[in-house]
>>> print(open('run22.cif').read())   # mmCIF, C-alpha atoms
data_my_file
#
loop_
_atom_site.label_atom_id
_atom_site.label_comp_id
_atom_site.auth_asym_id
_atom_site.auth_seq_id
_atom_site.Cartn_x
_atom_site.Cartn_y
_atom_site.Cartn_z
CA MET A 1 0.00 0.00 0.00
CA GLY A 2 1.34 3.42 -0.97
CA SER A 3 2.46 5.95 1.59
CA PHE A 4 -0.07 8.55 0.45
CA LYS A 5 -2.94 6.09 0.90
CA LEU A 6 -1.79 5.26 4.39
CA LEU A 7 -1.76 8.95 5.32
CA TYR A 8 -5.49 9.43 4.87
CA LYS A 9 -6.63 5.83 5.41
CA SER A 10 -4.99 5.81 8.83
CA PHE A 11 -7.79 8.13 10.03
CA TYR A 12 -10.74 5.86 9.31
CA ASP A 13 -10.01 2.62 7.43
CA ALA A 14 -10.52 -0.39 9.71
CA SER A 15 -9.26 -2.73 6.97
CA LEU A 16 -5.72 -1.49 7.61
CA PHE A 17 -5.55 -3.89 10.53
CA SER A 18 -5.76 -6.99 8.37
CA GLU A 19 -4.22 -5.55 5.20
CA PHE A 20 -1.29 -3.71 6.72
CA VAL A 21 -0.76 -4.76 10.34
CA MET A 22 -1.32 -8.51 9.91
CA LYS A 23 -0.43 -9.10 6.25
CA GLY A 24 1.88 -6.19 5.50
CA LYS A 25 5.58 -6.66 4.91
CA LYS A 26 6.76 -3.07 5.42
CA LEU A 27 7.16 -1.37 8.80
CA GLY A 28 5.42 1.91 7.97
CA ILE A 29 8.55 4.07 8.04
CA ALA A 30 8.01 5.41 4.52
CA PRO A 31 4.73 7.20 5.43
CA LEU A 32 6.48 8.83 8.39
CA ALA A 33 9.26 10.00 6.06
CA LEU A 34 6.56 11.38 3.75
CA VAL A 35 5.06 13.31 6.68
CA SER A 36 8.47 14.84 7.39
CA PHE A 37 8.88 15.72 3.72
CA ILE A 38 5.46 17.39 3.52
CA SER A 39 5.98 19.40 6.72
CA THR A 40 9.44 20.45 5.49
CA ALA A 41 8.09 21.51 2.10
CA LEU A 42 5.29 23.55 3.68
CA ILE A 43 7.45 25.40 6.20
CA THR A 44 10.09 26.06 3.53
CA LEU A 45 7.42 27.47 1.21
CA LEU A 46 6.06 29.70 3.98
CA LEU A 47 9.55 30.97 4.81
CA TYR A 48 10.27 31.60 1.13
CA ILE A 49 7.08 33.65 0.78
CA LEU A 50 7.84 35.52 4.01
CA VAL A 51 11.44 36.39 3.09
CA SER A 52 10.47 37.25 -0.50
CA SER A 53 7.89 39.70 0.81
CA PHE A 54 10.55 41.67 2.70
CA SER A 55 11.36 44.90 0.93
CA PHE A 56 13.89 47.63 1.53
CA ASN A 57 11.03 50.12 1.23
CA ALA A 58 10.06 49.32 4.81
CA LEU A 59 13.54 50.41 5.94
CA ARG A 60 13.96 53.30 3.53
CA PRO A 61 12.71 55.96 5.99
CA LEU A 62 15.60 55.02 8.30
CA PHE A 63 18.18 55.87 5.64
CA THR A 64 16.49 58.76 3.87
CA GLY A 65 18.33 61.98 4.62
CA LEU A 66 21.40 60.33 6.08
CA PRO A 67 24.67 61.95 5.01
CA GLU A 68 26.75 60.34 2.30
CA LEU A 69 29.99 59.02 3.80
CA THR A 70 33.08 58.19 1.81
CA VAL A 71 35.17 55.56 3.58
CA THR A 72 38.70 54.90 2.38
CA ASP A 73 40.67 52.04 3.93
CA GLY A 74 38.45 51.99 7.01
CA GLU A 75 38.39 55.75 7.66
CA VAL A 76 35.77 58.38 6.79
CA ARG A 77 37.10 61.19 4.64
CA GLY A 78 36.03 64.64 5.74
CA ASP A 79 34.25 65.84 8.86
CA VAL A 80 30.49 65.17 8.87
CA ILE A 81 28.35 66.06 11.88
CA VAL A 82 24.67 65.09 11.77
CA THR A 83 22.04 64.16 14.36
CA LYS A 84 19.03 62.25 13.05
CA ASP A 85 15.96 61.03 14.92
CA VAL A 86 15.69 57.67 13.18
CA MET A 87 12.88 56.16 15.23
CA GLY A 88 10.67 59.22 15.33
CA LYS A 89 11.05 59.45 19.10
CA SER A 90 13.77 61.93 19.94
CA LYS A 91 13.92 60.89 23.60
CA ASP A 92 14.13 57.14 22.99
CA PHE A 93 16.68 56.56 20.25
CA PHE A 94 19.61 58.51 18.85
CA PHE A 95 21.54 58.37 15.61
CA VAL A 96 24.60 60.59 15.59
CA VAL A 97 27.23 60.99 12.89
CA ASN A 98 30.37 62.80 14.00
CA THR A 99 33.31 61.83 11.83
CA SER A 100 35.49 64.58 13.28
CA SER A 101 35.99 62.31 16.29
CA GLU A 102 37.51 58.84 16.56
CA THR A 103 35.55 58.02 19.72
CA ALA A 104 31.88 58.23 20.62
CA ASP A 105 30.54 60.81 23.04
CA PHE A 106 27.27 59.62 24.59
CA SER A 107 26.83 62.63 26.90
CA GLY A 108 23.23 63.84 26.90
CA LEU A 109 22.07 61.06 24.56
CA PRO A 110 19.35 58.45 25.22
CA ASP A 111 20.29 54.97 26.40
CA THR A 112 19.79 53.38 22.98
CA GLY A 113 21.22 54.39 19.65
CA ILE A 114 24.02 54.43 17.08
CA PHE A 115 27.05 56.72 16.97
CA VAL A 116 29.12 56.87 13.77
CA ALA A 117 32.67 58.11 14.34
CA LYS A 118 35.64 58.44 12.00
CA LYS A 119 36.76 54.81 12.07
CA ASP A 120 34.06 52.94 13.99
CA VAL A 121 30.33 52.55 14.46
CA PHE A 122 29.25 52.36 18.11
CA PHE A 123 26.03 50.63 19.23
CA LYS A 124 24.69 51.52 22.65
CA GLY A 125 21.97 49.66 24.50
CA GLY A 126 21.60 50.58 28.12
CA LYS A 127 25.01 50.18 29.73
CA ARG A 128 26.36 47.97 26.96
CA ILE A 129 28.39 49.49 24.15
CA HIS A 130 29.69 47.59 21.13
CA SER A 131 31.86 48.92 18.36
CA LEU A 132 32.42 47.80 14.78
CA ALA A 133 35.32 49.15 12.76
CA PHE A 134 34.64 50.13 9.14
CA LYS A 135 37.60 48.05 8.04
CA GLU A 136 35.97 44.94 9.53
CA PHE A 137 32.98 44.95 7.15
CA LEU A 138 34.04 47.18 4.25
CA PRO A 139 36.52 46.18 1.53
CA SER A 140 39.83 47.97 1.22
CA GLY A 141 39.80 51.00 -1.01
CA THR A 142 36.99 53.53 -1.22
CA THR A 143 33.33 52.79 -0.46
CA VAL A 144 30.51 55.33 -0.53
CA LEU A 145 27.92 54.77 2.21
CA ASN A 146 24.55 56.09 1.06
CA GLU A 147 21.00 54.87 0.61
CA SER A 148 21.92 52.86 -2.51
CA PHE A 149 24.73 51.10 -0.64
CA PHE A 150 22.38 49.92 2.12
CA GLU A 151 19.70 48.88 -0.38
CA ASN A 152 22.22 46.80 -2.33
CA GLY A 153 23.42 45.26 0.92
CA PHE A 154 19.85 44.41 1.91
CA ASN A 155 19.19 42.74 -1.45
CA THR A 156 22.46 40.80 -1.21
CA VAL A 157 21.57 39.44 2.22
CA LYS A 158 18.02 38.63 1.09
CA GLY A 159 19.34 36.73 -1.92
CA ALA A 160 21.80 34.80 0.23
CA VAL A 161 19.02 33.80 2.62
CA LEU A 162 16.84 32.50 -0.23
CA LYS A 163 19.61 30.72 -2.14
CA VAL A 164 21.87 29.45 0.63
CA PHE A 165 20.28 29.52 4.07
CA LEU A 166 16.82 28.28 3.03
CA PRO A 167 18.06 25.07 1.31
CA ILE A 168 20.30 24.30 4.30
CA PHE A 169 17.40 24.95 6.66
CA CYS A 170 15.16 22.71 4.53
CA LEU A 171 17.58 19.79 4.74
CA ALA A 172 18.20 20.25 8.46
CA PHE A 173 14.48 20.53 9.22
CA PHE A 174 13.73 17.32 7.33
CA VAL A 175 16.48 15.41 9.15
CA PHE A 176 15.37 16.59 12.61
CA SER A 177 11.69 16.09 11.79
CA PHE A 178 12.25 12.53 10.59
CA TRP A 179 14.55 11.82 13.53
CA GLY A 180 11.83 13.04 15.89
CA LEU A 181 9.25 10.75 14.28
CA MET A 182 11.60 7.78 14.51
CA ASN A 183 12.03 8.44 18.22
CA ALA A 184 8.26 8.73 18.61
CA LEU A 185 7.87 5.44 16.72
CA LEU A 186 10.33 3.72 19.06
CA PHE A 187 8.54 5.19 22.07
CA PHE A 188 5.15 3.87 20.94
CA VAL A 189 6.61 0.45 20.18
CA PHE A 190 7.55 0.30 23.87
CA ILE A 191 4.11 1.63 24.81
CA SER A 192 2.60 -1.27 22.85
CA TYR A 193 4.02 -3.69 25.42
CA ALA A 194 1.83 -2.04 28.07
CA PHE A 195 -1.19 -2.66 25.84
CA SER A 196 -0.06 -6.27 25.48
CA ALA A 197 0.12 -6.70 29.23
CA VAL A 198 -3.34 -5.20 29.79
CA MET A 199 -5.12 -6.74 26.81
CA LYS A 200 -3.27 -10.09 26.92
CA LYS A 201 -2.16 -9.96 23.27
CA SER A 202 1.37 -10.38 21.91
CA PRO A 203 1.82 -9.30 18.31
CA THR A 204 5.18 -9.76 16.62
CA LEU A 205 7.74 -6.98 16.77
CA GLU A 206 7.03 -6.15 13.12
CA GLN A 207 3.31 -5.91 13.86
CA ARG A 208 3.99 -3.70 16.87
CA THR A 209 6.04 -1.38 14.68
CA ARG A 210 3.28 -1.18 12.07
CA ILE A 211 0.67 -0.50 14.77
CA ALA A 212 2.87 2.23 16.26
CA ALA A 213 3.39 3.82 12.83
CA LEU A 214 -0.33 3.78 12.01
CA SER A 215 -1.14 5.18 15.45
CA LEU A 216 1.25 8.10 14.89
CA LEU A 217 0.12 9.02 11.38
CA PRO A 218 -3.21 10.75 12.22
CA SER A 219 -1.58 12.95 14.87
CA ALA A 220 1.35 13.74 12.57
CA VAL A 221 -0.96 14.75 9.72
CA LEU A 222 -3.16 16.84 12.03
CA SER A 223 -0.11 18.66 13.39
CA ILE A 224 0.81 19.65 9.82
CA ILE A 225 -2.72 20.86 9.03
CA THR A 226 -3.04 22.90 12.21
CA GLY A 227 0.48 24.25 11.76
CA VAL A 228 -0.46 25.67 8.36
CA PHE A 229 -3.14 27.74 10.08
CA GLY A 230 -0.77 28.83 12.85
CA VAL A 231 -2.38 26.66 15.54
CA THR A 232 -0.08 24.86 17.97
CA PHE A 233 -0.74 21.14 18.20
CA SER A 234 0.27 20.21 21.75
CA TYR A 235 2.26 17.07 22.52
CA ALA A 236 -0.42 16.01 25.01
CA ILE A 237 -3.11 15.93 22.32
CA TYR A 238 -0.66 14.23 19.94
CA PHE A 239 0.01 11.56 22.57
CA ILE A 240 -3.66 11.00 23.45
CA ILE A 241 -4.79 10.65 19.82
CA SER A 242 -2.00 8.16 19.13
CA LEU A 243 -2.94 6.14 22.22
CA VAL A 244 -6.59 5.99 21.13
CA TYR A 245 -5.62 4.66 17.71
CA MET A 246 -3.25 2.13 19.25
CA PHE A 247 -6.05 0.94 21.54
CA THR A 248 -8.35 0.36 18.54
CA TYR A 249 -5.72 -1.76 16.81
CA PHE A 250 -5.15 -3.90 19.89
CA LYS A 251 -8.91 -4.17 20.34
CA ARG A 252 -9.21 -5.68 16.87
CA MET A 253 -6.50 -8.16 17.83
CA GLU A 254 -8.53 -9.51 20.74
CA ASN A 255 -10.37 -12.01 18.59
CA ARG A 256 -7.19 -13.33 17.00
CA PRO A 257 -4.80 -15.92 18.46
CA ALA A 258 -1.79 -14.60 20.29
CA VAL A 259 1.58 -14.83 18.56
CA GLY A 260 4.96 -14.80 20.25
CA ASP A 261 7.26 -11.84 19.63
CA SER A 262 9.84 -12.25 16.90
CA ILE A 263 13.05 -10.46 17.78
#
>>> encode(input="run22.cif", output="structure tokens")
Amino acid sequence: MGSFKLLYKSFYDASLFSEFVMKGKKLGIAPLALVSFISTALITLLLYILVSSFSFNALRPLFTGLPELTVTDGEVRGDVIVTKDVMGKSKDFFFVVNTSSETADFSGLPDTGIFVAKKDVFFKGGKRIHSLAFKEFLPSGTTVLNESFFENGFNTVKGAVLKVFLPIFCLAFFVFSFWGLMNALLFFVFISYAFSAVMKKSPTLEQRTRIAALSLLPSAVLSIITGVFGVTFSYAIYFIISLVYMFTYFKRMENRPAVGDSI
């Protein structure tokens, strides 16, 4: 039986017990891998749409009116002194350009802001101050810092995220998702022994694995569906639904002869 069929049949089809659990030859790992693939594809698509929707236009007001700075070999040429209220709240955030000085003077300034000096950019947040030298992020030679420079930088970072980070994230998410499902499968195989003790039935290890896989599928699919709509599918609900499905499979086994475990 195909993996796609098992995904939706696992919700309602009682014939899966005889067709898949009792007579099946596969363990049900492929449908779980398919669940990981689908969830990975969906979250990657959502992230792609989200990142693609980002535009420099949202940041443009922050850079409009800023002075044009010419940086040569890590040092600003000329003395430029400008104070700009970037955030629209003059008492909350400061943006000061003073390239006549090599150090930042925070006297009389709010607790949060940016100070551009001759060779460094200083970031202040409360009592913490960090500095970044121009030569650390600009190439040697002459670079003109203006609105076009920051827009090009934004587009470069955006392109790198879409072309490099997103594929890496996609692969990593699939691996961790599938690994998580395999751990859940192993956990429910152990849980099946509790059902055996209570219901006095001993399916083979292969049958236990198939029962555990089928019991996990409805919860796994529901978690994907709810995730698309931004609803958190709690582990408690996931666990309870899987237990209910496992109980139904063991219930159907009550009228069949017990079989010793095959290890």
>>> resolve_selection(input="run22.cif", expression="the PyMOL selection byres ((chain A and resi 36-41) around 12)", output="MDAnalysis selection string")
chainID A and resid 3:4 7 29:35 42:48 166:182 217 220:228
>>> closest_residue(input="run22.cif", among="A:Ser53, A:Thr112, A:Phe250, A:Asp120", to="Ala197 in chain A", atoms="all atoms listed in the file")
A:Phe250
>>> atom_distance(input="run22.cif", atom1="CA of Arg77 in chain A", atom2="CA of Thr99 in chain A")
8.2 Å
>>> closest_residue(input="run22.cif", among="A:Val231, A:Val96, A:Ile211, A:Leu186", to="Glu19 in chain A", atoms="all atoms listed in the file")
A:Ile211
>>> residues_around(input="run22.cif", residues="Ser55 in chain A", least_positions_apart="5", cutoff="10 Å", atoms="all atoms listed in the file", output="list in words")
Arg60, Glu151, Phe154, Asn155 and Lys158 of chain A
>>> resolve_selection(input="run22.cif", expression="the PyMOL selection byres ((chain A and resi 101) around 9)", output="NGL selection string")
:A and (79 or 98-100 or 102-105 or 117-119)
>>> residues_around(input="run22.cif", residues="Leu214 in chain A", least_positions_apart="6", cutoff="9 Å", atoms="only C-alpha atoms", output="PyMOL selection string")
chain A and resi 6-7+10-11+16+21+28+31+242+245-246
>>> resolve_selection(input="run22.cif", expression="the PyMOL selection byres ((chain A and resi 125-140) around 6)", output="mmCIF file with C-alpha atoms, in the frame of the given file")
data_model
loop_
_atom_site.group_PDB
_atom_site.id
_atom_site.type_symbol
_atom_site.label_atom_id
_atom_site.label_comp_id
_atom_site.auth_asym_id
_atom_site.auth_seq_id
_atom_site.Cartn_x
_atom_site.Cartn_y
_atom_site.Cartn_z
ATOM 1 C CA ASP A 73 40.670 52.040 3.930
ATOM 2 C CA GLY A 74 38.450 51.990 7.010
ATOM 3 C CA ASP A 111 20.290 54.970 26.400
ATOM 4 C CA THR A 112 19.790 53.380 22.980
ATOM 5 C CA LYS A 119 36.760 54.810 12.070
ATOM 6 C CA ASP A 120 34.060 52.940 13.990
ATOM 7 C CA VAL A 121 30.330 52.550 14.460
ATOM 8 C CA PHE A 122 29.250 52.360 18.110
ATOM 9 C CA PHE A 123 26.030 50.630 19.230
ATOM 10 C CA LYS A 124 24.690 51.520 22.650
ATOM 11 C CA GLY A 141 39.800 51.000 -1.010
#
>>> residues_around(input="run22.cif", residues="Phe63 in chain A", least_positions_apart="3", cutoff="9 Å", atoms="all atoms listed in the file", output="ChimeraX atom specification")
/A:59-60,66-67,86,146-147,150
>>> write_last_selection(input="run22.cif", atoms="C-alpha atoms", output="PDB file, in the frame of the given file")
ATOM      1  CA  LEU A  59      13.540  50.410   5.940  1.00  0.00           C
ATOM      2  CA  ARG A  60      13.960  53.300   3.530  1.00  0.00           C
ATOM      3  CA  LEU A  66      21.400  60.330   6.080  1.00  0.00           C
ATOM      4  CA  PRO A  67      24.670  61.950   5.010  1.00  0.00           C
ATOM      5  CA  VAL A  86      15.690  57.670  13.180  1.00  0.00           C
ATOM      6  CA  ASN A 146      24.550  56.090   1.060  1.00  0.00           C
ATOM      7  CA  GLU A 147      21.000  54.870   0.610  1.00  0.00           C
ATOM      8  CA  PHE A 150      22.380  49.920   2.120  1.00  0.00           C
TER       9      PHE A 150
END
>>> residues_around(input="run22.cif", residues="Val144 in chain A", least_positions_apart="4", cutoff="7 Å", atoms="all atoms listed in the file", output="ChimeraX atom specification")
/A:68-71
>>> write_last_selection(input="run22.cif", atoms="C-alpha atoms", output="compact mmCIF listing (two decimals), keeping the file's coordinate frame")
# COMPACT_ATOMS: atom_id res chain seq x y z
CA GLU A 68 26.75 60.34 2.30
CA LEU A 69 29.99 59.02 3.80
CA THR A 70 33.08 58.19 1.81
CA VAL A 71 35.17 55.56 3.58
>>> atom_distance(input="run22.cif", atom1="CA of Tyr12 in chain A", atom2="CA of Leu205 in chain A")
23.7 Å
>>> closest_residue(input="run22.cif", among="A:Met253, A:Val80, A:Ile114, A:Leu243", to="Pro203 in chain A", atoms="all atoms listed in the file")
A:Met253
>>> atom_distance(input="run22.cif", atom1="CA of Leu216 in chain A", atom2="CA of Lys23 in chain A")
19.3 Å
>>> residues_near_point(input="run22.cif", point="(-9.0, -8.0, 25.6)", cutoff="10 Å", atoms="only C-alpha atoms", output="PyMOL selection string")
chain A and resi 195-201+250-255
